[in-house]
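**Q** What follows is the file query-v2.cif, containing mmCIF, C-alpha atoms:
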data_coords
loop_
_atom_site.label_atom_id
_atom_site.label_comp_id
_atom_site.auth_asym_id
_atom_site.auth_seq_id
_atom_site.Cartn_x
_atom_site.Cartn_y
_atom_site.Cartn_z
CA MET A 570 -68.23 51.93 -0.88
CA THR A 571 -66.40 52.42 -4.19
CA THR A 572 -67.68 50.77 -7.36
CA ASN A 573 -64.37 48.87 -7.53
CA THR A 574 -65.55 46.77 -4.61
CA VAL A 575 -69.33 46.90 -4.60
CA GLY A 576 -70.94 44.61 -7.15
CA SER A 577 -67.72 42.91 -8.27
CA SER A 578 -68.34 39.34 -9.26
CA ASP A 579 -65.66 38.08 -6.87
CA VAL A 580 -67.37 39.75 -3.95
CA GLU A 581 -70.74 38.37 -5.08
CA ILE A 582 -69.27 34.88 -5.28
CA ALA A 583 -67.72 35.31 -1.84
CA ARG A 584 -71.03 36.51 -0.43
CA ALA A 585 -72.93 33.57 -1.91
CA LEU A 586 -70.35 31.03 -0.76
CA SER A 587 -70.23 32.46 2.76
CA ARG A 588 -74.02 32.27 3.00
CA ARG A 589 -74.08 28.70 1.74
CA LEU A 590 -71.18 27.51 3.87
CA SER A 591 -72.69 29.09 6.97
CA GLY A 592 -76.04 27.41 6.31
CA LEU A 593 -77.98 30.56 5.54
CA GLU A 594 -78.73 29.33 2.03
CA PRO A 595 -78.12 25.59 2.06
CA GLY A 596 -77.56 23.76 -1.19
CA SER A 597 -77.57 26.69 -3.63
CA GLU A 598 -74.58 27.08 -5.90
CA PRO A 599 -73.15 30.57 -6.38
CA ASN A 600 -74.70 31.99 -9.53
CA ILE A 601 -71.66 32.28 -11.76
CA ALA A 602 -72.62 33.55 -15.19
CA GLY A 603 -71.10 31.67 -18.11
CA GLU A 604 -68.22 29.22 -17.93
CA SER A 605 -65.74 29.07 -15.09
CA PRO A 606 -63.20 31.84 -15.56
CA TYR A 607 -60.45 29.54 -14.36
CA LEU A 608 -58.08 27.39 -16.36
CA GLN A 609 -57.44 23.88 -15.10
CA PHE A 610 -54.07 22.25 -14.82
CA ALA A 611 -53.76 19.02 -16.72
CA PRO A 612 -52.09 16.20 -14.79
CA SER A 613 -48.36 15.99 -15.46
CA PRO A 614 -47.66 13.40 -18.18
CA PRO A 615 -45.81 10.31 -17.01
CA GLU A 616 -42.27 9.74 -18.19
CA GLU A 617 -42.27 7.71 -21.38
CA THR A 618 -41.25 4.06 -21.13
CA PRO A 619 -41.16 1.47 -23.89
CA ALA A 620 -44.55 -0.18 -24.34
CA GLY A 621 -44.94 -3.31 -22.25
CA GLU A 622 -41.97 -2.59 -20.02
CA LEU A 623 -42.13 -1.53 -16.42
CA THR A 624 -39.49 0.82 -15.17
CA GLU A 625 -37.51 -0.85 -12.46
CA ALA A 626 -37.69 0.80 -9.08
CA PRO A 627 -34.28 1.52 -7.55
CA ASN A 628 -33.10 -1.70 -5.91
CA ASP A 629 -31.89 0.10 -2.81
CA ASP A 630 -35.40 1.34 -1.91
CA PRO A 631 -36.00 -0.33 1.45
CA LEU A 632 -39.04 -2.54 1.81
CA ASN A 633 -41.20 -1.87 4.83
CA ASP A 634 -42.54 -4.36 7.33
CA LEU A 635 -46.24 -3.69 6.98
CA THR A 636 -48.74 -6.00 8.58
CA ARG A 637 -52.11 -4.48 7.79
CA TRP A 638 -53.83 -3.51 4.57
CA ASP A 639 -54.60 -0.01 5.87
CA GLU A 640 -50.91 0.40 6.74
CA PHE A 641 -49.92 -0.71 3.24
CA LEU A 642 -52.46 1.67 1.67
CA ALA A 643 -51.37 4.56 3.90
CA TRP A 644 -47.81 3.88 2.75
CA SER A 645 -49.06 3.84 -0.86
CA LEU A 646 -50.68 7.23 -0.32
CA ASN A 647 -47.22 8.56 0.47
CA LYS A 648 -46.09 7.38 -2.96
CA VAL A 649 -49.08 8.55 -4.99
CA ARG A 650 -50.62 11.96 -4.41
CA SER A 651 -54.29 11.15 -3.99
CA SER A 652 -57.06 11.68 -1.53
CA ALA A 653 -57.72 8.01 -0.76
CA ALA A 654 -56.70 4.49 -1.65
CA PHE A 655 -58.33 1.09 -1.39
CA ALA A 656 -57.49 -2.51 -2.28
CA VAL A 657 -59.76 -5.06 -3.95
CA ASP A 658 -59.22 -8.80 -3.84
CA PRO A 659 -59.70 -11.06 -6.87
CA GLN A 660 -63.31 -11.69 -5.82
CA GLY A 661 -64.13 -7.97 -5.90
CA PHE A 662 -64.19 -7.40 -2.14
CA VAL A 663 -62.60 -4.27 -0.72
CA ILE A 664 -60.11 -5.48 1.87
CA GLY A 665 -58.67 -2.18 3.06
CA SER A 666 -58.78 1.56 2.59
CA SER A 667 -56.94 4.68 3.71
CA GLY A 668 -57.10 8.44 3.39
CA ASN A 669 -60.32 10.38 3.01
CA VAL A 670 -62.67 7.40 3.08
CA PRO A 671 -66.37 8.26 2.66
CA GLU A 672 -68.83 7.16 5.29
CA ASP A 673 -70.06 4.19 3.30
CA GLY A 674 -66.56 3.16 2.28
CA PHE A 675 -65.49 1.93 -1.12
CA GLU A 676 -67.20 -1.46 -1.12
CA GLY A 677 -69.58 -0.65 -3.97
CA THR A 678 -66.93 1.16 -5.97
CA GLY A 679 -64.47 -1.68 -5.48
CA ALA A 680 -66.92 -4.31 -6.62
CA GLU A 681 -67.87 -2.32 -9.71
CA LEU A 682 -64.23 -1.58 -10.49
CA SER A 683 -63.41 -5.26 -10.30
CA TYR A 684 -66.28 -6.00 -12.70
CA VAL A 685 -65.24 -3.25 -15.13
CA MET A 686 -61.69 -4.56 -15.18
CA SER A 687 -62.87 -8.10 -15.80
CA GLN A 688 -64.91 -6.84 -18.75
CA ALA A 689 -61.90 -5.00 -20.12
CA ASP A 690 -59.89 -8.22 -19.84
CA VAL A 691 -62.00 -9.82 -22.53
CA MET A 692 -62.20 -6.85 -24.90
CA ASN A 693 -59.43 -8.23 -27.04
CA PRO A 694 -57.62 -11.34 -25.80
CA GLU A 695 -54.73 -10.61 -28.17
CA MET A 696 -53.93 -7.48 -26.16
CA GLY A 697 -53.51 -9.52 -23.00
CA GLY A 698 -55.07 -8.92 -19.58
CA LEU A 699 -55.78 -5.42 -18.30
CA ARG A 700 -52.95 -4.08 -16.16
CA SER A 701 -54.10 -0.63 -15.11
CA ILE A 702 -57.07 1.66 -15.47
CA ALA A 703 -57.76 5.38 -15.21
CA LEU A 704 -61.33 6.62 -15.11
CA GLU A 705 -62.41 10.25 -15.10
CA PHE A 706 -65.91 10.94 -13.80
CA ALA A 707 -67.68 14.25 -13.53
CA ASN A 708 -66.64 14.70 -9.90
CA ARG A 709 -63.70 12.37 -9.22
CA ARG A 710 -60.92 10.42 -10.83
CA LEU A 711 -60.34 6.74 -10.12
CA SER A 712 -57.16 5.00 -11.13
CA GLY A 713 -55.67 1.68 -10.24
CA PHE A 714 -53.55 -1.23 -11.26
CA ARG A 715 -53.49 -4.97 -10.82
CA SER A 716 -50.69 -6.57 -8.94
CA GLU A 717 -50.26 -10.31 -9.09
CA VAL A 718 -49.11 -11.74 -5.81
CA ALA A 719 -48.90 -15.22 -4.35
CA GLY A 720 -50.44 -17.79 -6.62
CA GLY A 721 -50.80 -15.25 -9.40
CA GLU A 722 -53.95 -13.72 -7.91
CA GLY A 723 -54.61 -10.20 -9.10
CA PHE A 724 -55.22 -7.69 -6.31
CA VAL A 725 -56.20 -4.21 -7.40
CA VAL A 726 -54.74 -1.14 -5.70
CA ALA A 727 -56.89 1.89 -6.51
CA PHE A 728 -56.59 5.62 -5.85
CA ILE A 729 -59.12 8.44 -5.74
CA ASP A 730 -58.21 11.74 -7.42
CA ALA A 731 -54.60 10.64 -7.88
CA GLU A 732 -52.10 12.71 -9.74
CA GLU A 733 -50.40 10.86 -12.54
CA PHE A 734 -47.93 8.30 -11.27
CA ASP A 735 -45.28 6.58 -13.31
CA ASP A 736 -44.35 2.95 -13.84
CA ALA A 737 -41.54 3.22 -11.31
CA THR A 738 -44.03 4.16 -8.60
CA ARG A 739 -46.37 1.38 -9.63
CA THR A 740 -43.52 -1.12 -9.53
CA GLN A 741 -42.48 0.11 -6.11
CA ILE A 742 -45.99 -0.36 -4.73
CA ALA A 743 -46.32 -3.78 -6.35
CA ARG A 744 -42.95 -4.79 -4.92
CA GLN A 745 -44.02 -3.72 -1.42
CA LEU A 746 -47.30 -5.60 -1.78
CA GLU A 747 -45.53 -8.76 -2.82
CA HIS A 748 -43.12 -8.41 0.11
CA SER A 749 -45.89 -7.88 2.66
CA PHE A 750 -48.70 -9.95 1.19
CA SER A 751 -48.25 -13.09 3.23
CA VAL A 752 -48.70 -11.20 6.53
CA LEU A 753 -51.22 -8.53 5.59
CA LEU A 754 -54.42 -8.63 7.69
CA MET B 166 -62.81 13.80 20.12
CA SER B 167 -61.23 17.21 19.95
CA HIS B 168 -62.51 20.09 17.86
CA ARG B 169 -59.96 20.86 15.16
CA ILE B 170 -60.04 24.48 14.05
CA VAL B 171 -57.89 25.65 11.15
CA LEU B 172 -57.06 29.32 10.72
CA ALA B 173 -56.82 30.07 7.01
CA SER B 174 -56.71 32.98 4.62
CA SER B 175 -55.45 33.48 1.10
CA LYS B 176 -53.92 36.86 1.91
CA GLY B 177 -50.98 37.36 4.20
CA GLY B 178 -51.04 39.59 7.24
CA SER B 179 -54.65 38.90 8.11
CA GLY B 180 -53.89 37.95 11.69
CA LYS B 181 -53.95 34.16 11.49
CA THR B 182 -51.04 33.58 13.83
CA THR B 183 -52.09 36.32 16.24
CA THR B 184 -55.58 34.86 16.34
CA ALA B 185 -54.40 31.24 16.57
CA LEU B 186 -52.16 31.97 19.53
CA ASN B 187 -54.39 34.37 21.45
CA LEU B 188 -57.51 32.30 20.85
CA SER B 189 -55.69 29.18 22.06
CA VAL B 190 -54.57 31.04 25.19
CA ALA B 191 -58.13 32.25 25.81
CA LEU B 192 -59.53 28.74 25.39
CA ALA B 193 -56.89 27.34 27.73
CA GLU B 194 -57.52 30.06 30.31
CA ARG B 195 -61.17 29.00 30.30
CA GLY B 196 -60.03 25.53 31.29
CA HIS B 197 -60.17 23.83 27.89
CA ASN B 198 -57.31 21.46 27.12
CA THR B 199 -55.86 23.04 23.99
CA ILE B 200 -53.04 22.40 21.52
CA VAL B 201 -51.96 25.00 19.00
CA VAL B 202 -50.22 23.48 15.97
CA ASP B 203 -47.79 25.55 13.93
CA LEU B 204 -48.00 24.36 10.34
CA ASP B 205 -46.51 27.53 8.91
CA PRO B 206 -43.13 26.77 7.30
CA GLN B 207 -41.95 30.08 8.75
CA GLY B 208 -42.63 28.77 12.22
CA ALA B 209 -44.83 31.77 12.90
CA ILE B 210 -45.98 30.71 16.36
CA GLY B 211 -42.40 30.32 17.51
CA LEU B 212 -41.41 33.62 15.93
CA PHE B 213 -44.32 35.37 17.65
CA LEU B 214 -43.06 34.00 20.96
CA ALA B 215 -39.57 35.29 20.15
CA LYS B 216 -38.01 31.85 19.78
CA GLU B 217 -34.96 31.27 17.60
CA ASP B 218 -35.70 29.51 14.31
CA SER B 219 -34.17 26.19 15.45
CA ASP B 220 -35.04 26.34 19.14
CA TRP B 221 -37.90 23.90 19.11
CA GLY B 222 -38.30 20.43 17.73
CA GLY B 223 -41.78 19.74 16.38
CA LEU B 224 -43.62 18.44 13.37
CA ALA B 225 -40.44 18.29 11.30
CA GLU B 226 -38.95 15.81 13.77
CA VAL B 227 -42.08 13.68 13.44
CA MET B 228 -41.90 13.76 9.63
CA ILE B 229 -38.15 13.33 9.16
CA ALA B 230 -36.89 11.47 12.20
CA GLY B 231 -40.01 9.53 13.13
CA THR B 232 -40.06 11.10 16.60
CA PRO B 233 -43.30 10.34 18.44
CA PRO B 234 -45.44 13.49 18.37
CA ALA B 235 -45.91 13.48 22.14
CA GLU B 236 -42.16 13.96 22.59
CA VAL B 237 -42.11 17.23 20.66
CA LEU B 238 -45.13 18.88 22.26
CA GLN B 239 -44.04 22.02 24.11
CA SER B 240 -45.56 22.75 27.50
CA THR B 241 -46.40 26.31 28.45
CA SER B 242 -46.99 28.14 31.71
CA LEU B 243 -50.68 27.37 31.19
CA PRO B 244 -51.24 23.75 32.21
CA THR B 245 -54.03 23.42 29.65
CA LEU B 246 -52.08 24.77 26.68
CA ARG B 247 -49.40 23.00 24.67
CA ILE B 248 -47.75 23.88 21.39
CA LEU B 249 -46.80 21.57 18.53
CA PRO B 250 -44.11 23.67 16.85
CA ARG B 251 -43.04 23.54 13.23
CA GLY B 252 -39.76 21.93 14.19
CA ARG B 253 -36.26 22.34 12.84
CA ILE B 254 -36.85 22.64 9.11
CA ASP B 255 -34.06 23.99 6.94
CA PRO B 256 -35.59 26.85 4.94
CA VAL B 257 -34.21 25.25 1.77
CA ASP B 258 -36.39 22.17 2.46
CA ILE B 259 -39.67 24.03 2.80
CA CYS B 260 -40.86 22.88 -0.63
CA GLU B 261 -40.43 19.24 0.36
CA TYR B 262 -42.06 19.87 3.76
CA GLU B 263 -45.13 21.32 2.08
CA LEU B 264 -45.40 18.48 -0.42
CA GLN B 265 -44.98 15.77 2.21
CA LEU B 266 -47.51 17.39 4.50
CA HIS B 267 -50.04 17.50 1.69
CA ARG B 268 -49.26 13.99 0.50
CA GLY B 269 -50.17 11.03 2.68
CA GLU B 270 -51.41 10.96 6.23
CA ILE B 271 -48.63 12.33 8.41
CA LEU B 272 -50.70 15.28 9.63
CA SER B 273 -53.79 13.21 10.32
CA LYS B 274 -51.78 10.55 12.16
CA THR B 275 -49.88 13.13 14.19
CA LEU B 276 -53.07 14.83 15.33
CA ASP B 277 -54.69 11.48 16.14
CA GLU B 278 -51.77 10.67 18.41
CA ILE B 279 -51.80 13.89 20.41
CA GLU B 280 -55.45 14.79 20.78
CA ASP B 281 -56.53 12.21 23.32
CA GLY B 282 -58.24 14.16 26.10
CA VAL B 283 -57.80 17.45 24.22
CA ASP B 284 -60.77 19.79 23.74
CA TYR B 285 -59.43 22.05 20.99
CA VAL B 286 -56.69 21.72 18.39
CA VAL B 287 -56.01 25.05 16.70
CA LEU B 288 -53.98 24.82 13.48
CA ASP B 289 -52.11 27.86 12.22
CA THR B 290 -51.37 27.79 8.50
CA PRO B 291 -49.26 29.87 6.12
CA SER B 292 -50.88 32.48 3.95
CA GLY B 293 -52.23 31.26 0.66
CA LEU B 294 -54.08 28.25 -0.58
CA GLY B 295 -51.16 25.91 -1.08
CA PRO B 296 -50.38 22.39 0.06
CA VAL B 297 -50.16 23.11 3.79
CA THR B 298 -53.48 24.92 3.95
CA ARG B 299 -55.12 22.17 1.90
CA ALA B 300 -53.66 19.50 4.17
CA ALA B 301 -54.99 21.30 7.24
CA LEU B 302 -58.46 21.77 5.75
CA ALA B 303 -58.58 18.10 4.79
CA VAL B 304 -58.16 16.94 8.40
CA SER B 305 -60.09 19.63 10.28
CA ARG B 306 -63.72 20.03 11.26
CA PHE B 307 -63.85 23.82 11.38
CA ALA B 308 -62.36 26.66 9.32
CA LEU B 309 -61.98 30.08 10.93
CA LEU B 310 -61.16 32.84 8.46
CA PRO B 311 -59.51 36.02 9.71
CA LEU B 312 -60.45 38.85 7.37
CA GLN B 313 -58.29 41.94 7.50
CA ALA B 314 -60.74 44.80 7.18
CA GLU B 315 -59.20 46.43 4.14
CA PRO B 316 -60.17 46.33 0.44
CA VAL B 317 -57.54 44.01 -1.04
CA ALA B 318 -58.07 41.37 1.62
CA PHE B 319 -61.81 41.66 1.11
CA ARG B 320 -61.42 41.04 -2.61
CA THR B 321 -59.60 37.76 -1.93
CA MET B 322 -62.42 36.27 0.16
CA SER B 323 -63.85 34.39 -2.81
CA GLN B 324 -60.60 32.45 -3.15
CA ILE B 325 -60.49 30.94 0.34
CA LEU B 326 -64.23 30.34 0.39
CA ARG B 327 -64.04 28.54 -2.94
CA VAL B 328 -61.30 26.29 -1.60
CA ILE B 329 -63.28 25.52 1.56
CA ASP B 330 -66.32 24.74 -0.55
CA HIS B 331 -64.26 22.43 -2.76
CA VAL B 332 -62.62 20.62 0.16
CA GLN B 333 -65.99 20.15 1.81
CA GLN B 334 -67.53 18.71 -1.32
CA HIS B 335 -64.66 16.54 -2.53
CA GLU B 336 -62.23 15.77 0.28
CA ASN B 337 -63.61 16.37 3.75
CA PRO B 338 -67.40 16.44 4.05
CA SER B 339 -67.18 17.21 7.76
CA LEU B 340 -65.40 20.53 7.20
CA GLN B 341 -67.57 23.50 8.14
CA LEU B 342 -67.12 27.24 8.03
CA LEU B 343 -66.88 28.19 11.70
CA GLY B 344 -66.85 31.87 10.96
CA ILE B 345 -65.30 34.92 9.41
CA LEU B 346 -63.38 37.00 11.96
CA PRO B 347 -62.86 40.65 11.05
CA THR B 348 -59.40 41.75 12.12
CA MET B 349 -57.45 45.00 12.17
CA VAL B 350 -60.77 46.82 12.05
CA ARG B 351 -60.67 50.62 12.07
CA LEU B 352 -64.10 52.14 12.17
CA ASP B 353 -62.54 55.61 11.95
CA ASN B 354 -61.07 54.74 8.57
CA ASP B 355 -63.37 54.83 5.55
CA PRO B 356 -61.93 51.88 3.58
CA SER B 357 -61.98 49.68 6.69
CA LEU B 358 -65.48 50.81 7.60
CA ASN B 359 -66.65 50.20 4.03
CA VAL B 360 -65.37 46.61 4.15
CA MET B 361 -67.15 46.05 7.44
CA SER B 362 -70.38 47.48 6.04
CA ALA B 363 -70.22 45.10 3.09
CA VAL B 364 -69.38 42.13 5.28
CA TRP B 365 -72.03 42.84 7.89
CA SER B 366 -74.73 43.52 5.35
CA GLY B 367 -74.61 40.39 3.22
CA PHE B 368 -72.08 37.77 4.24
CA GLY B 369 -72.87 34.63 6.15
CA GLY B 370 -70.87 33.32 9.08
CA VAL B 371 -69.49 36.68 10.22
CA LEU B 372 -68.62 36.51 13.89
CA ASP B 373 -69.93 39.06 16.36
CA THR B 374 -66.42 39.49 17.77
CA VAL B 375 -64.16 41.84 15.86
CA VAL B 376 -60.49 42.48 16.52
CA PRO B 377 -59.50 46.11 16.18
CA ARG B 378 -56.22 47.40 14.83
CA ALA B 379 -54.14 48.36 17.86
CA ASP B 380 -50.53 49.00 18.78
CA VAL B 381 -50.75 46.57 21.66
CA PHE B 382 -50.38 43.65 19.24
CA THR B 383 -46.97 44.88 18.18
CA GLU B 384 -46.07 45.49 21.81
CA ALA B 385 -46.94 41.92 22.71
CA SER B 386 -45.03 40.42 19.77
CA GLU B 387 -41.98 42.53 20.58
CA ILE B 388 -41.92 40.99 24.05
CA GLY B 389 -42.92 37.59 22.67
CA ILE B 390 -46.03 36.92 24.74
CA PRO B 391 -49.77 36.62 24.18
CA LEU B 392 -51.92 39.70 24.80
CA SER B 393 -53.37 38.46 28.06
CA PHE B 394 -49.86 37.99 29.47
CA LEU B 395 -48.97 41.67 29.18
CA GLY B 396 -48.35 43.24 32.55
CA GLY B 397 -50.45 45.97 34.03
CA ARG B 398 -54.14 46.34 33.47
CA THR B 399 -55.94 43.81 31.28
CA ARG B 400 -55.96 45.20 27.77
CA PRO B 401 -59.37 45.45 26.10
CA GLU B 402 -57.91 43.67 23.06
CA ALA B 403 -57.11 40.67 25.23
CA ARG B 404 -60.72 40.60 26.35
CA ARG B 405 -61.69 40.39 22.68
CA PHE B 406 -60.08 36.98 22.51
CA THR B 407 -61.92 35.91 25.62
CA LEU B 408 -65.12 36.96 23.87
CA LEU B 409 -63.96 35.17 20.75
CA SER B 410 -63.32 31.96 22.64
CA ASP B 411 -66.79 32.18 24.16
CA GLU B 412 -68.37 32.78 20.76
CA ILE B 413 -66.36 29.97 19.16
CA GLU B 414 -67.39 27.54 21.86
CA ALA B 415 -71.06 28.48 21.49
CA ARG B 416 -70.91 28.16 17.71
CA ILE B 417 -69.25 24.78 17.83
CA ASN B 418 -71.78 23.55 20.36
CA GLN B 419 -74.57 24.71 18.10
CA MET B 420 -73.01 23.16 15.01
CA THR B 421 -72.38 19.85 16.74
CA GLY B 422 -75.79 19.66 18.34
CA VAL B 423 -74.64 20.16 21.92
CA GLU B 424 -77.55 21.55 23.87
CA ASP B 425 -77.14 24.86 25.59
CA ASP B 426 -78.03 24.22 29.22
CA ASN B 427 -77.84 27.89 30.10
CA GLU B 428 -81.41 28.56 31.10
CA HIS B 429 -83.19 31.80 31.84
CA ARG B 430 -82.76 32.94 35.42
CA ARG B 431 -85.07 35.04 37.48
CA LEU B 432 -83.83 38.16 39.12
CA VAL B 433 -86.73 38.61 41.51
#
What do you get writing this file as structure tokens?
**A**
Amino acid sequence: MTTNTVGSSDVEIARALSRRLSGLEPGSEPNIAGESPYLQFAPSPPEETPAGELTEAPNDDPLNDLTRWDEFLAWSLNKVRSSAAFAVDPQGFVIGSSGNVPEDGFEGTGAELSYVMSQADVMNPEMGGLRSIALEFANRRLSGFRSEVAGGEGFVVAFIDAEEFDDATRTQIARQLEHSFSVLL
Amino acid sequence: MSHRIVLASSKGGSGKTTTALNLSVALAERGHNTIVVDLDPQGAIGLFLAKEDSDWGGLAEVMIAGTPPAEVLQSTSLPTLRILPRGRIDPVDICEYELQLHRGEILSKTLDEIEDGVDYVVLDTPSGLGPVTRAALAVSRFALLPLQAEPVAFRTMSQILRVIDHVQQHENPSLQLLGILPTMVRLDNDPSLNVMSAVWSGFGGVLDTVVPRADVFTEASEIGIPLSFLGGRTRPEARRFTLLSDEIEARINQMTGVEDDNEHRRLV
């Protein structure tokens, strides 16, 4: 075996990963010396809009007849590139989810998100209520926005590991939610 | 629930389509209800079977026209094997196809709708680690990695394994490495033998079955049929896929906790 192949770090990483993924060495991370050699793409910046203004979605975008929260969230996943989505009612209860939902669901995350957003609401009353949030954790990203529907209640639509989405997309989702809200189960 | 197996590799020409098709045939010939899904924007399964580019409707019709997936499943001469083709995608729309497949749940929903009563769903993917491969890994239980036994392909193994590791940790915890399948193996060729020595000596998940390099594969693709459908005597390469199907089934049973009821027998 030539020295160009034997002992190369890529081959060593492949060997370690194959052993871990096949269960021969469960739980051990490949021993990569130093920092990751890879650069990371930054999310694409959203198009700039004047502060406080939402970009109007095209009026000819058809609204869909959705009757279930998981249907609405699956539709939302087609608008926002993310691995999962969930919705939280004004009381902090997760009322639907879609995509790659973990075994124990998003109930805890949804409740905590609702609490965090309520805390942000009172940070500075002069700035008005919180409209959207984007959190970056060590392993995942969580982003979401509030949409006021019937009676002015604020439902939160949240996404896991979403790519950046613009105000037009947010408006489109909010518009669909408002259209479907009265029949969503 | 069916066992979803995705064939993936970062390097092209590793034998994904050949393996996907011939493995599916072998599984079907053993009586397992099998669907092979062509996710490759090239429509590789159809091309292998000598179909014209726009002969078959398939996944594209589901995505664009909302056609129910069951209506675009292609029957074959094997009652237990069906094909979900790529469908009639304009080559200029391949970018959008890849993005839409990766975004949202169309692939997951399509598979959910067609796999009732199915034992195996085998997903063929394009080369590389792009949106289609990621979409397939996100919805599958098992990843089978053909490894062309030559140095450049060997050097790319870290890429696909890293992606599988990432998907397992962050997107699809149920994804498992089913195995690494050496393909185009030539033990009379030093570089190929050297790759096999390295793989056999330290890698995990390497399957016992290997697929040798042989002219019969080109012969079969020229005619547009799987190996086991070639006339005349049964080719030893076709038997490899029978062995592979047996090994795959045993591995999946082991990984899913299905007990092996094959007990020792007495001869005398």
**Q** Give as number ranges by chain every residue of chain A that touches chain B within 8 Å, counting only C-alpha atoms.
**A** A: 570, 574-575, 579-580, 582-593, 643-644, 646-652, 668-669, 708-709
**Q** What lies within 12 Å of Thr184 in chain B using all atoms listed in the file, ignoring chain neighbours under 6 positions off, as a ChimeraX atom specification?
**A** /B:170-174,178,190-192,201,209-210,213,287-290,309-313,345-349,374-377,382,391-392,402-403,405-407,409-410
**Q** Run the PyMOL selection byres ((chain A and resi 657) around 9) against the file shown and list the residues it catches, as JSON, numbers by chain.
**A** {"A": [655, 656, 658, 659, 660, 661, 662, 663, 664, 665, 676, 679, 680, 682, 683, 723, 724, 725, 726, 727]}
**Q** Could you tell me how far CA of Glu278 in chain B lies from CA of Pro233 in chain B, in Å and to one decimal?
**A**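 So the two atoms, CA of Glu278 in chain B and CA of Pro233 in chain B, lie 8.5 Å apart.
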**Q** Under the rule that all atoms listed in the file are counted, which of A:Asp735, A:Phe728, A:Ile742, A:Leu632 is the nearest residue to Ala653 in chain A?
**A** A:Phe728
**Q** When you draw a straight line from CA of Thr199 in chain B to CA of Val286 in chain B, how long is it in Å?
**A**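 If I compute the distance from CA of Thr199 in chain B to CA of Val286 in chain B, I get 5.8 Å.
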**Q** So what does the PyMOL selection byres ((chain B and resi 293-295) around 8) actually pick up in this one, as a list of chain:residue names?
**A**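 With the shown file as input, the PyMOL selection byres ((chain B and resi 293-295) around 8) matches B:Ala173, B:Ser174, B:Ser175, B:Lys176, B:Gly177, B:Pro291, B:Ser292, B:Pro296, B:Val297, B:Thr298, B:Arg299, B:Ile325, B:Val328.
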**Q** What is the CA of Ala308 in chain B to CA of Asn187 in chain B distance in Å?
**A** 16.4 Å
**Q** Evaluate the PyMOL selection byres ((chain A and resi 747) around 12) and record the selected residues as a PyMOL selection string, following the chain and residue labels used in the document.
**A** chain A and resi 632-635+641+715-724+740-746+748-753
**Q** Name the closest residue to Ile254 in chain B among the candidates B:Gln207, B:Ala215, B:Ala300, B:Gly282; distances are taken between atoms, counting only C-alpha atoms.
**A**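 Distance minimum relative to Ile254 in chain B lands on B:Gln207.
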**Q** Taking into account all atoms listed in the file, which residue in the set B:Pro250, B:Gly180, B:Gly389, B:Gly231 is nearest to Pro206 in chain B?
**A**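 Ranking B:Pro250, B:Gly180, B:Gly389, B:Gly231 by distance to Pro206 in chain B, first place goes to B:Pro250.
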**Q** Mind checking which residues fall within 10 Å of Gln239 in chain B, counting only C-alpha atoms, ignoring those fewer than 3 positions away in the same chain, and posting them as a PyMOL selection string?
**A** chain B and resi 200-201+221-223+235-236+246-250
